[in-house]
>>> print(open('coords09.txt').read())   # compact mmCIF, C-alpha atoms
# COMPACT_ATOMS: atom_id res chain seq x y z
CA TYR A 1 -16.88 50.12 34.19
CA SER A 2 -20.62 50.66 34.50
CA THR A 3 -21.97 47.14 35.04
CA SER A 4 -20.67 43.63 35.57
CA THR A 5 -22.23 42.55 32.28
CA SER A 6 -20.57 45.30 30.28
CA ARG A 7 -17.22 44.53 31.92
CA ALA A 8 -17.44 40.88 30.94
CA VAL A 9 -18.49 41.75 27.38
CA ILE A 10 -15.64 44.25 27.01
CA ALA A 11 -13.14 41.73 28.39
CA GLN A 12 -14.31 39.04 25.96
CA ALA A 13 -14.26 41.39 22.98
CA ILE A 14 -10.92 43.04 23.62
CA LEU A 15 -8.79 40.38 25.28
CA GLY A 16 -9.63 37.71 22.72
CA ASP A 17 -7.15 34.84 22.56
CA GLU A 18 -4.17 36.73 23.94
CA PRO A 19 -4.22 36.20 27.72
CA ASP A 20 -0.50 36.92 28.11
CA MET A 21 -0.65 40.42 26.68
CA ASN A 22 -1.38 42.08 30.03
CA GLN A 23 0.86 39.86 32.12
CA LYS A 24 3.10 42.64 33.43
CA TYR A 25 0.21 44.96 34.24
CA ILE A 26 -1.93 42.53 36.25
CA LEU A 27 -0.48 40.57 39.15
CA ALA A 28 -1.45 37.01 40.04
CA ASN A 29 -3.99 38.18 42.63
CA GLY A 30 -5.61 40.51 40.09
CA MET A 31 -4.01 43.70 41.42
CA VAL A 32 -3.11 46.28 38.77
CA ASP A 33 0.51 47.48 38.77
CA TYR A 34 -0.09 51.17 38.13
CA TYR A 35 3.62 51.85 37.72
CA GLU A 36 3.70 49.42 34.80
CA VAL A 37 0.53 50.95 33.35
CA LEU A 38 2.08 54.43 33.29
CA GLY A 39 5.56 53.12 32.48
CA VAL A 40 7.27 55.02 35.31
CA ASP A 41 9.79 54.02 37.95
CA ASP A 42 8.48 53.17 41.40
CA ASP A 43 10.19 56.28 42.78
CA ALA A 44 8.93 58.58 40.01
CA THR A 45 8.24 62.17 41.01
CA PRO A 46 4.72 63.63 40.81
CA GLU A 47 5.84 65.58 37.74
CA GLU A 48 7.02 62.40 36.01
CA ILE A 49 3.77 60.64 36.83
CA LYS A 50 1.75 63.55 35.44
CA LYS A 51 3.87 63.65 32.27
CA ALA A 52 3.41 59.91 31.68
CA TYR A 53 -0.33 60.08 32.34
CA ARG A 54 -0.93 63.03 30.01
CA THR A 55 1.16 61.54 27.21
CA LEU A 56 -0.65 58.19 27.32
CA ALA A 57 -4.07 59.75 27.83
CA LYS A 58 -3.69 61.86 24.69
CA THR A 59 -2.64 58.83 22.69
CA CYS A 60 -5.42 56.57 23.99
CA HIS A 61 -8.24 59.09 23.76
CA PRO A 62 -11.57 57.55 22.69
CA ASP A 63 -11.61 59.92 19.68
CA PHE A 64 -8.72 57.84 18.31
CA MET A 65 -9.43 54.38 19.71
CA GLY A 66 -13.18 54.30 20.25
CA ASP A 67 -14.52 52.06 23.02
CA GLU A 68 -11.11 50.53 23.63
CA GLY A 69 -9.69 53.99 24.23
CA HIS A 70 -12.49 54.70 26.71
CA ASN A 71 -11.61 51.70 28.85
CA ILE A 72 -7.89 52.38 28.63
CA CYS A 73 -8.47 55.97 29.77
CA ILE A 74 -10.44 54.68 32.75
CA LEU A 75 -7.47 52.50 33.68
CA LEU A 76 -5.06 55.41 33.21
CA ASN A 77 -7.26 57.70 35.30
CA GLU A 78 -7.37 55.09 38.03
CA ALA A 79 -3.57 54.82 38.01
CA TYR A 80 -3.06 58.58 38.06
CA THR A 81 -5.59 59.13 40.85
CA VAL A 82 -3.81 56.65 43.12
CA LEU A 83 -0.21 57.62 42.33
CA SER A 84 -0.67 61.38 42.27
CA ASP A 85 -1.82 61.52 45.89
CA GLU A 86 0.96 60.86 48.40
CA GLU A 87 -1.22 59.21 51.02
CA SER A 88 -3.04 56.90 48.63
CA ARG A 89 0.25 56.10 46.88
CA ASN A 90 1.86 55.04 50.18
CA ARG A 91 -1.08 52.75 50.97
CA TYR A 92 -0.97 51.33 47.46
CA ASN A 93 2.80 50.72 47.66
CA LEU A 94 2.36 48.63 50.79
CA LYS A 95 -0.28 46.45 49.11
CA LEU A 96 1.73 46.18 45.90
CA ASP A 97 4.90 45.22 47.75
CA GLN A 98 3.04 42.49 49.62
CA ALA A 99 1.45 41.20 46.40
CA LEU A 100 4.83 41.04 44.67
CA THR A 101 6.31 39.18 47.64
CA ASP A 102 3.45 36.70 47.99
CA TYR A 103 2.47 35.93 44.41
CA GLU A 104 4.90 37.17 41.81
CA ASP A 105 7.93 35.93 39.95
CA ASP A 106 9.00 36.50 36.37
CA TYR A 107 7.99 33.01 35.24
CA THR A 108 5.98 33.27 32.02
CA GLY A 109 5.33 29.60 31.29
CA LYS A 110 7.25 29.92 28.02
CA PRO A 111 10.67 28.43 27.13
CA LEU A 112 13.73 30.64 27.50
CA SER A 113 15.29 28.98 24.47
CA LYS A 114 13.78 29.77 21.06
CA TRP A 115 11.20 27.25 19.87
CA MET A 116 12.11 27.44 16.19
CA PRO A 117 9.07 25.51 14.84
CA SER A 118 7.02 28.51 15.99
CA VAL A 119 9.55 31.35 15.84
CA ASN A 120 10.74 30.61 12.32
CA PRO A 121 9.38 27.38 10.82
CA SER A 122 11.47 27.78 7.67
CA MET A 123 14.64 27.45 9.75
CA ALA A 124 13.42 24.62 11.99
CA ARG A 125 14.97 21.22 11.24
CA ASN A 126 12.41 18.99 12.95
CA GLU A 127 10.92 16.31 10.68
CA ASP A 128 7.68 15.91 12.65
CA PRO A 129 5.47 19.04 12.29
CA SER A 130 3.85 18.25 15.64
CA GLU A 131 7.17 17.69 17.41
CA GLN A 132 6.80 17.80 21.21
CA ARG A 133 10.34 16.97 22.25
CA ALA A 134 12.90 19.52 23.37
CA VAL A 135 16.52 19.36 24.44
CA PHE A 136 17.68 20.57 27.86
CA VAL A 137 21.11 20.97 29.48
CA ASP A 138 21.58 20.35 33.19
CA GLU A 139 24.10 23.15 33.65
CA PHE A 140 24.96 22.05 37.19
CA SER A 141 26.36 18.80 35.77
CA CYS A 142 27.95 20.32 32.65
CA ILE A 143 31.77 20.46 32.66
CA GLY A 144 32.07 22.84 29.72
CA CYS A 145 33.69 20.37 27.33
CA LYS A 146 32.00 21.97 24.28
CA GLN A 147 31.34 18.63 22.60
CA CYS A 148 27.69 19.56 22.11
CA VAL A 149 28.65 22.90 20.55
CA TRP A 150 30.92 21.17 18.08
CA CYS A 151 28.22 18.63 17.16
CA ALA A 152 25.23 20.99 16.96
CA SER A 153 26.54 24.53 16.92
CA ALA A 154 23.21 26.13 16.04
CA THR A 155 21.47 24.57 19.03
CA PHE A 156 24.03 24.97 21.81
CA ARG A 157 25.97 27.97 23.06
CA MET A 158 28.42 28.38 25.91
CA GLU A 159 27.02 30.39 28.80
CA PRO A 160 29.82 32.90 29.47
CA GLU A 161 29.53 33.52 33.21
CA HIS A 162 30.25 29.99 34.41
CA GLY A 163 31.40 28.27 31.22
CA ARG A 164 28.51 25.81 30.88
CA SER A 165 26.59 24.74 27.80
CA ARG A 166 23.07 26.06 27.25
CA VAL A 167 20.43 25.50 24.58
CA PHE A 168 20.03 28.61 22.46
CA ALA A 169 17.30 27.36 20.11
CA GLN A 170 15.24 24.20 19.76
CA TRP A 171 15.43 22.28 16.47
CA LEU A 172 17.81 24.65 14.78
CA ASP A 173 19.87 21.52 14.04
CA PRO A 174 18.54 18.20 12.68
CA GLU A 175 17.85 15.39 15.13
CA ASP A 176 20.95 13.39 14.23
CA LYS A 177 23.24 16.27 15.24
CA ILE A 178 21.35 16.86 18.46
CA GLN A 179 21.50 13.16 19.29
CA ALA A 180 25.23 13.16 18.52
CA SER A 181 25.64 15.96 21.06
CA ILE A 182 23.77 13.93 23.67
CA ASP A 183 25.80 10.79 22.94
CA SER A 184 29.13 12.62 23.01
CA CYS A 185 28.55 14.33 26.37
CA PRO A 186 30.98 12.71 28.86
CA VAL A 187 28.80 13.49 31.91
CA SER A 188 25.34 12.89 30.36
CA CYS A 189 24.10 16.39 31.15
CA ILE A 190 21.97 16.78 27.98
CA HIS A 191 18.45 15.37 27.95
CA TRP A 192 15.41 15.02 25.73
CA VAL A 193 12.39 16.42 27.60
CA GLU A 194 8.77 17.10 26.80
CA LYS A 195 8.08 20.56 25.37
CA ALA A 196 5.54 21.14 28.13
CA ASP A 197 8.20 20.56 30.79
CA LEU A 198 10.81 22.81 29.18
CA PRO A 199 9.67 26.27 30.44
CA ALA A 200 9.86 25.33 34.12
CA LEU A 201 13.16 23.48 33.74
CA GLU A 202 14.84 26.35 31.91
CA TYR A 203 13.41 28.95 34.29
CA VAL A 204 14.57 27.11 37.40
CA MET A 205 18.01 26.43 35.91
CA GLN A 206 18.64 30.00 34.81
CA LYS A 207 16.67 32.03 37.37
CA LYS A 208 16.52 29.98 40.56
CA MET A 209 19.64 27.82 40.66
CA THR A 210 22.02 30.75 40.64
CA GLU A 211 24.42 29.54 43.38
CA ARG A 212 26.90 28.00 40.99
CA VAL A 213 30.61 28.35 40.35
CA ASN A 214 32.76 28.19 37.24
CA VAL A 215 33.75 24.82 35.83
CA GLY A 216 37.26 24.86 37.26
CA VAL A 217 36.02 25.32 40.82
CA MET A 218 33.32 22.67 40.29
CA MET A 219 35.87 20.15 39.00
CA ALA A 220 37.87 20.74 42.19
CA GLY A 221 34.88 19.49 44.13
CA GLN A 222 33.76 22.86 45.43
CA GLY A 223 30.50 24.78 45.04
CA ALA A 224 26.89 23.81 45.56
CA GLN A 225 25.48 20.64 44.03
CA MET A 226 21.76 20.79 43.20
CA ASP A 227 19.27 18.52 41.43
CA VAL A 228 17.41 20.55 38.78
CA TRP A 229 14.64 17.96 38.52
CA ALA A 230 13.89 18.07 42.26
CA VAL A 231 14.12 21.87 42.43
CA THR A 232 11.78 22.22 39.43
CA ALA A 233 9.25 19.83 40.96
CA GLN A 234 9.29 21.88 44.17
CA PHE A 235 8.96 25.14 42.21
CA LEU A 236 5.88 23.88 40.36
CA LYS A 237 4.39 22.49 43.57
CA GLU A 238 4.74 25.88 45.27
CA ARG A 239 3.18 27.68 42.31
CA ARG A 240 0.21 25.32 42.35
CA ARG A 241 -0.17 25.85 46.09
CA ARG A 242 -0.30 29.63 45.66
CA GLU A 243 -2.77 29.39 42.78
CA GLU A 244 -5.04 27.05 44.72
CA ALA A 245 -4.89 29.32 47.78
CA LEU A 246 -5.93 32.28 45.66
CA ALA A 247 -8.75 30.30 44.07
CA ARG A 248 -10.07 29.20 47.48
CA ASP A 249 -9.89 32.60 49.14
CA GLN A 250 -11.38 35.20 46.82
CA SER A 251 -10.96 37.82 49.56
CA LYS A 252 -7.26 37.89 48.72
CA ARG A 253 -8.03 39.06 45.21
CA ALA A 254 -7.86 42.78 44.58
CA TYR A 255 -11.15 42.96 42.63
CA SER A 256 -14.25 40.98 41.90
CA PRO A 257 -14.05 38.67 38.85
CA ALA A 258 -15.97 41.18 36.70
CA GLN A 259 -13.82 44.11 37.83
CA GLU A 260 -10.65 42.11 37.23
CA ALA A 261 -11.82 41.09 33.76
CA ALA A 262 -12.47 44.72 32.86
CA ARG A 263 -9.02 45.79 34.01
CA ARG A 264 -7.38 42.91 32.19
CA SER A 265 -9.13 43.85 28.97
CA ALA A 266 -8.08 47.49 29.26
CA ALA A 267 -4.49 46.50 30.12
CA SER A 268 -4.39 44.12 27.17
CA SER A 269 -5.62 46.82 24.81
CA LEU A 270 -3.12 49.31 26.19
CA LYS A 271 -0.27 46.92 25.50
CA LYS A 272 -1.20 45.47 22.14
CA LYS A 273 -2.44 48.59 20.35
CA THR A 274 0.05 50.36 18.11
CA MET A 275 -0.90 53.79 19.46
CA GLY A 276 0.19 55.48 16.26
CA TRP A 277 3.89 56.10 16.66
CA MET A 278 4.92 53.24 18.97
CA PRO A 279 4.26 49.55 18.30
CA SER A 280 4.03 48.38 21.90
CA PHE A 281 5.66 48.82 25.27
CA GLU A 282 7.68 45.68 24.61
CA ASP A 283 9.03 46.51 21.16
CA MET A 284 10.33 50.06 21.42
CA LEU A 285 13.48 50.34 19.32
CA SER A 286 13.47 54.10 18.82
CA SER A 287 15.69 56.44 20.77
CA ALA A 288 12.71 57.60 22.80
CA PHE A 289 13.03 54.54 25.01
CA THR A 290 15.60 52.37 26.68
CA ASN A 291 14.82 48.78 27.57
CA VAL A 292 13.18 47.94 30.86
CA VAL A 293 16.11 48.15 33.28
CA GLN A 294 16.41 45.43 35.84
CA ASN A 295 19.39 46.99 37.57
CA ALA A 296 18.15 47.10 41.14
CA MET A 297 20.67 46.44 43.88
CA GLY A 298 20.64 42.90 45.20
CA GLY A 299 19.51 40.93 42.15
CA PRO A 300 16.15 39.52 40.95
CA GLU A 301 14.63 39.17 44.42
CA GLU A 302 15.28 42.83 45.24
CA TYR A 303 13.97 43.88 41.84
CA ASN A 304 10.52 42.75 42.93
CA LYS A 305 10.57 45.25 45.79
CA VAL A 306 8.50 48.37 45.24
CA GLY A 307 10.89 51.29 44.90
CA LYS A 308 13.66 49.19 43.31
CA ARG A 309 12.12 48.52 39.90
CA LYS A 310 13.23 50.62 36.94
CA ARG A 311 11.56 51.16 33.58
CA SER A 312 13.41 54.21 32.26
CA VAL A 313 10.74 55.58 29.94
CA LYS A 314 11.96 59.03 28.90
CA TRP A 315 8.70 60.92 28.84
CA ASP A 316 10.14 64.34 27.94
CA GLU A 317 11.92 62.84 24.94
CA LEU A 318 8.89 60.75 24.07
CA GLU A 319 6.59 63.77 24.03
CA ARG A 320 9.01 65.68 21.81
CA ARG A 321 9.19 62.74 19.38
CA GLN A 322 5.41 62.48 19.38
CA GLN A 323 5.08 66.16 18.45
CA MET A 324 7.60 65.60 15.63
CA GLY A 325 5.40 62.85 14.21
CA GLY A 326 7.42 59.98 15.62
CA THR A 327 10.30 60.16 13.14
CA VAL A 328 13.69 59.02 14.34
CA PRO A 329 16.88 60.05 12.50
CA LEU A 330 18.52 57.05 10.87
CA GLU A 331 21.81 57.56 12.65
CA ARG A 332 20.02 57.44 16.01
CA SER A 333 17.43 54.80 15.28
CA LEU A 334 19.16 52.11 17.34
CA VAL A 335 20.90 54.32 19.90
CA PRO A 336 19.35 54.68 23.41
CA ILE A 337 18.90 58.32 24.35
CA SER A 338 21.12 57.86 27.38
CA VAL A 339 24.07 57.29 25.06
CA TYR A 340 24.08 60.74 23.50
CA GLN A 341 23.25 64.30 24.39
CA GLU A 342 21.09 66.59 22.35
CA GLU A 343 22.92 69.52 20.90
>>> encode(input="coords09.txt", output="structure tokens")
Amino acid sequence: YSTSTSRAVIAQAILGDEPDMNQKYILANGMVDYYEVLGVDDDATPEEIKKAYRTLAKTCHPDFMGDEGHNICILLNEAYTVLSDEESRNRYNLKLDQALTDYEDDYTGKPLSKWMPSVNPSMARNEDPSEQRAVFVDEFSCIGCKQCVWCASATFRMEPEHGRSRVFAQWLDPEDKIQASIDSCPVSCIHWVEKADLPALEYVMQKKMTERVNVGVMMAGQGAQMDVWAVTAQFLKERRRREEALARDQSKRAYSPAQEAARRSAASSLKKKTMGWMPSFEDMLSSAFTNVVQNAMGGPEEYNKVGKRKRSVKWDELERRQQMGGTVPLERSLVPISVYQEE
């Protein structure tokens, strides 16, 4: 990152119209999550960090990726320099832990149900191409009668843990079936909402309002009673407060605007480039990877603690696959490596 001008130009050229591509790598205050960049667990050993760094550095070398590779390698070098030194890593962990506590949640601003007009327009049953309505279930009020599932089975599913209805996909049924589900609900827990309001409502319902009981206990008058509309309004108010506080006090940001833009551009390139034998860090279906594991003790809040987060990238296996040209035997193509042992 030689100059502020070059950083801004690189950010504009590389990031383009995909601001969400680097979301997991860059925190709300602009701090880079080096563990995410290298794809290692927070408690990774120095050997694991070195293995991850070398594997990614070879793949992202400027000889293969040109200028984009150059900026990615700078980001990788920065991550390795910090995490490979015990003292600097400890200082970094303290700052990262505080940033995760103060600014971060896993809210993406996107619906948790599938928006079929975008996901698969050929399957969407909405008549208006510019449809802005969505359907939402207040699961705290739902009594699990399944009327909505019977009326619009493609739209609604039963959430198994507590026996409540939940929207699986938007507009996978025609409007008359969705409206029939709303009309047939005996407790009026299904609502039309604006598409723009849907992400926050679904996130709060599924991620924040977790103190609920099964339907039988609820019908007996026990368990917490919460208003999803009020909780969502408070959630959005708190997010706006944090964003405004960050905007007012630039000293809380990890880097200057130009430095942050450069890191965002490199992180975006790192995530969206195919890198030869792997499509992206999000779409790894080969046996060289398991999914990002959110199995920390204590639930979602504890998962945000540095040292608790797990990614489970198998770098030894990945390097071996890379040397083999990235081929995966058909019989193992959908089997995580933790499920079998190599002969």
>>> residues_around(input="coords09.txt", residues="range 121-128 of chain A", least_positions_apart="6", cutoff="6 Å", atoms="only C-alpha atoms", output="list of chain:residue names")
A:Trp171, A:Leu172, A:Asp173, A:Pro174
>>> write_last_selection(input="coords09.txt", atoms="C-alpha atoms", output="PDB file, in the frame of the given file")
ATOM      1  CA  TRP A 171      15.430  22.280  16.470  1.00  0.00           C
ATOM      2  CA  LEU A 172      17.810  24.650  14.780  1.00  0.00           C
ATOM      3  CA  ASP A 173      19.870  21.520  14.040  1.00  0.00           C
ATOM      4  CA  PRO A 174      18.540  18.200  12.680  1.00  0.00           C
TER       5      PRO A 174
END
>>> closest_residue(input="coords09.txt", among="A:Ser153, A:Ser184, A:Gln132, A:Gln170", to="Lys114 in chain A", atoms="all atoms listed in the file")
A:Gln170
>>> axis_aligned_box(input="coords09.txt", around="range 56-71 of chain A", padding_each_side="6 Å", output="AutoDock Vina command-line options")
--center_x -7.6 --center_y 56.2 --center_z 23.6 --size_x 25.9 --size_y 23.3 --size_z 22.5
>>> residues_around(input="coords09.txt", residues="range 156-168 of chain A", least_positions_apart="5", cutoff="9 Å", atoms="all atoms listed in the file", output="tab-separated table (two decimals) with C-alpha atoms, in the coordinates of the input")
chain	number	residue	atom	x	y	z
A	112	LEU	CA	13.73	30.64	27.50
A	113	SER	CA	15.29	28.98	24.47
A	114	LYS	CA	13.78	29.77	21.06
A	135	VAL	CA	16.52	19.36	24.44
A	136	PHE	CA	17.68	20.57	27.86
A	137	VAL	CA	21.11	20.97	29.48
A	138	ASP	CA	21.58	20.35	33.19
A	139	GLU	CA	24.10	23.15	33.65
A	140	PHE	CA	24.96	22.05	37.19
A	141	SER	CA	26.36	18.80	35.77
A	142	CYS	CA	27.95	20.32	32.65
A	143	ILE	CA	31.77	20.46	32.66
A	144	GLY	CA	32.07	22.84	29.72
A	145	CYS	CA	33.69	20.37	27.33
A	146	LYS	CA	32.00	21.97	24.28
A	148	CYS	CA	27.69	19.56	22.11
A	149	VAL	CA	28.65	22.90	20.55
A	150	TRP	CA	30.92	21.17	18.08
A	151	CYS	CA	28.22	18.63	17.16
A	212	ARG	CA	26.90	28.00	40.99
A	213	VAL	CA	30.61	28.35	40.35
A	214	ASN	CA	32.76	28.19	37.24
A	215	VAL	CA	33.75	24.82	35.83
>>> atom_distance(input="coords09.txt", atom1="CA of Thr81 in chain A", atom2="CA of Ala28 in chain A")
22.5 Å
>>> atom_distance(input="coords09.txt", atom1="CA of Arg239 in chain A", atom2="CA of Met116 in chain A")
27.6 Å
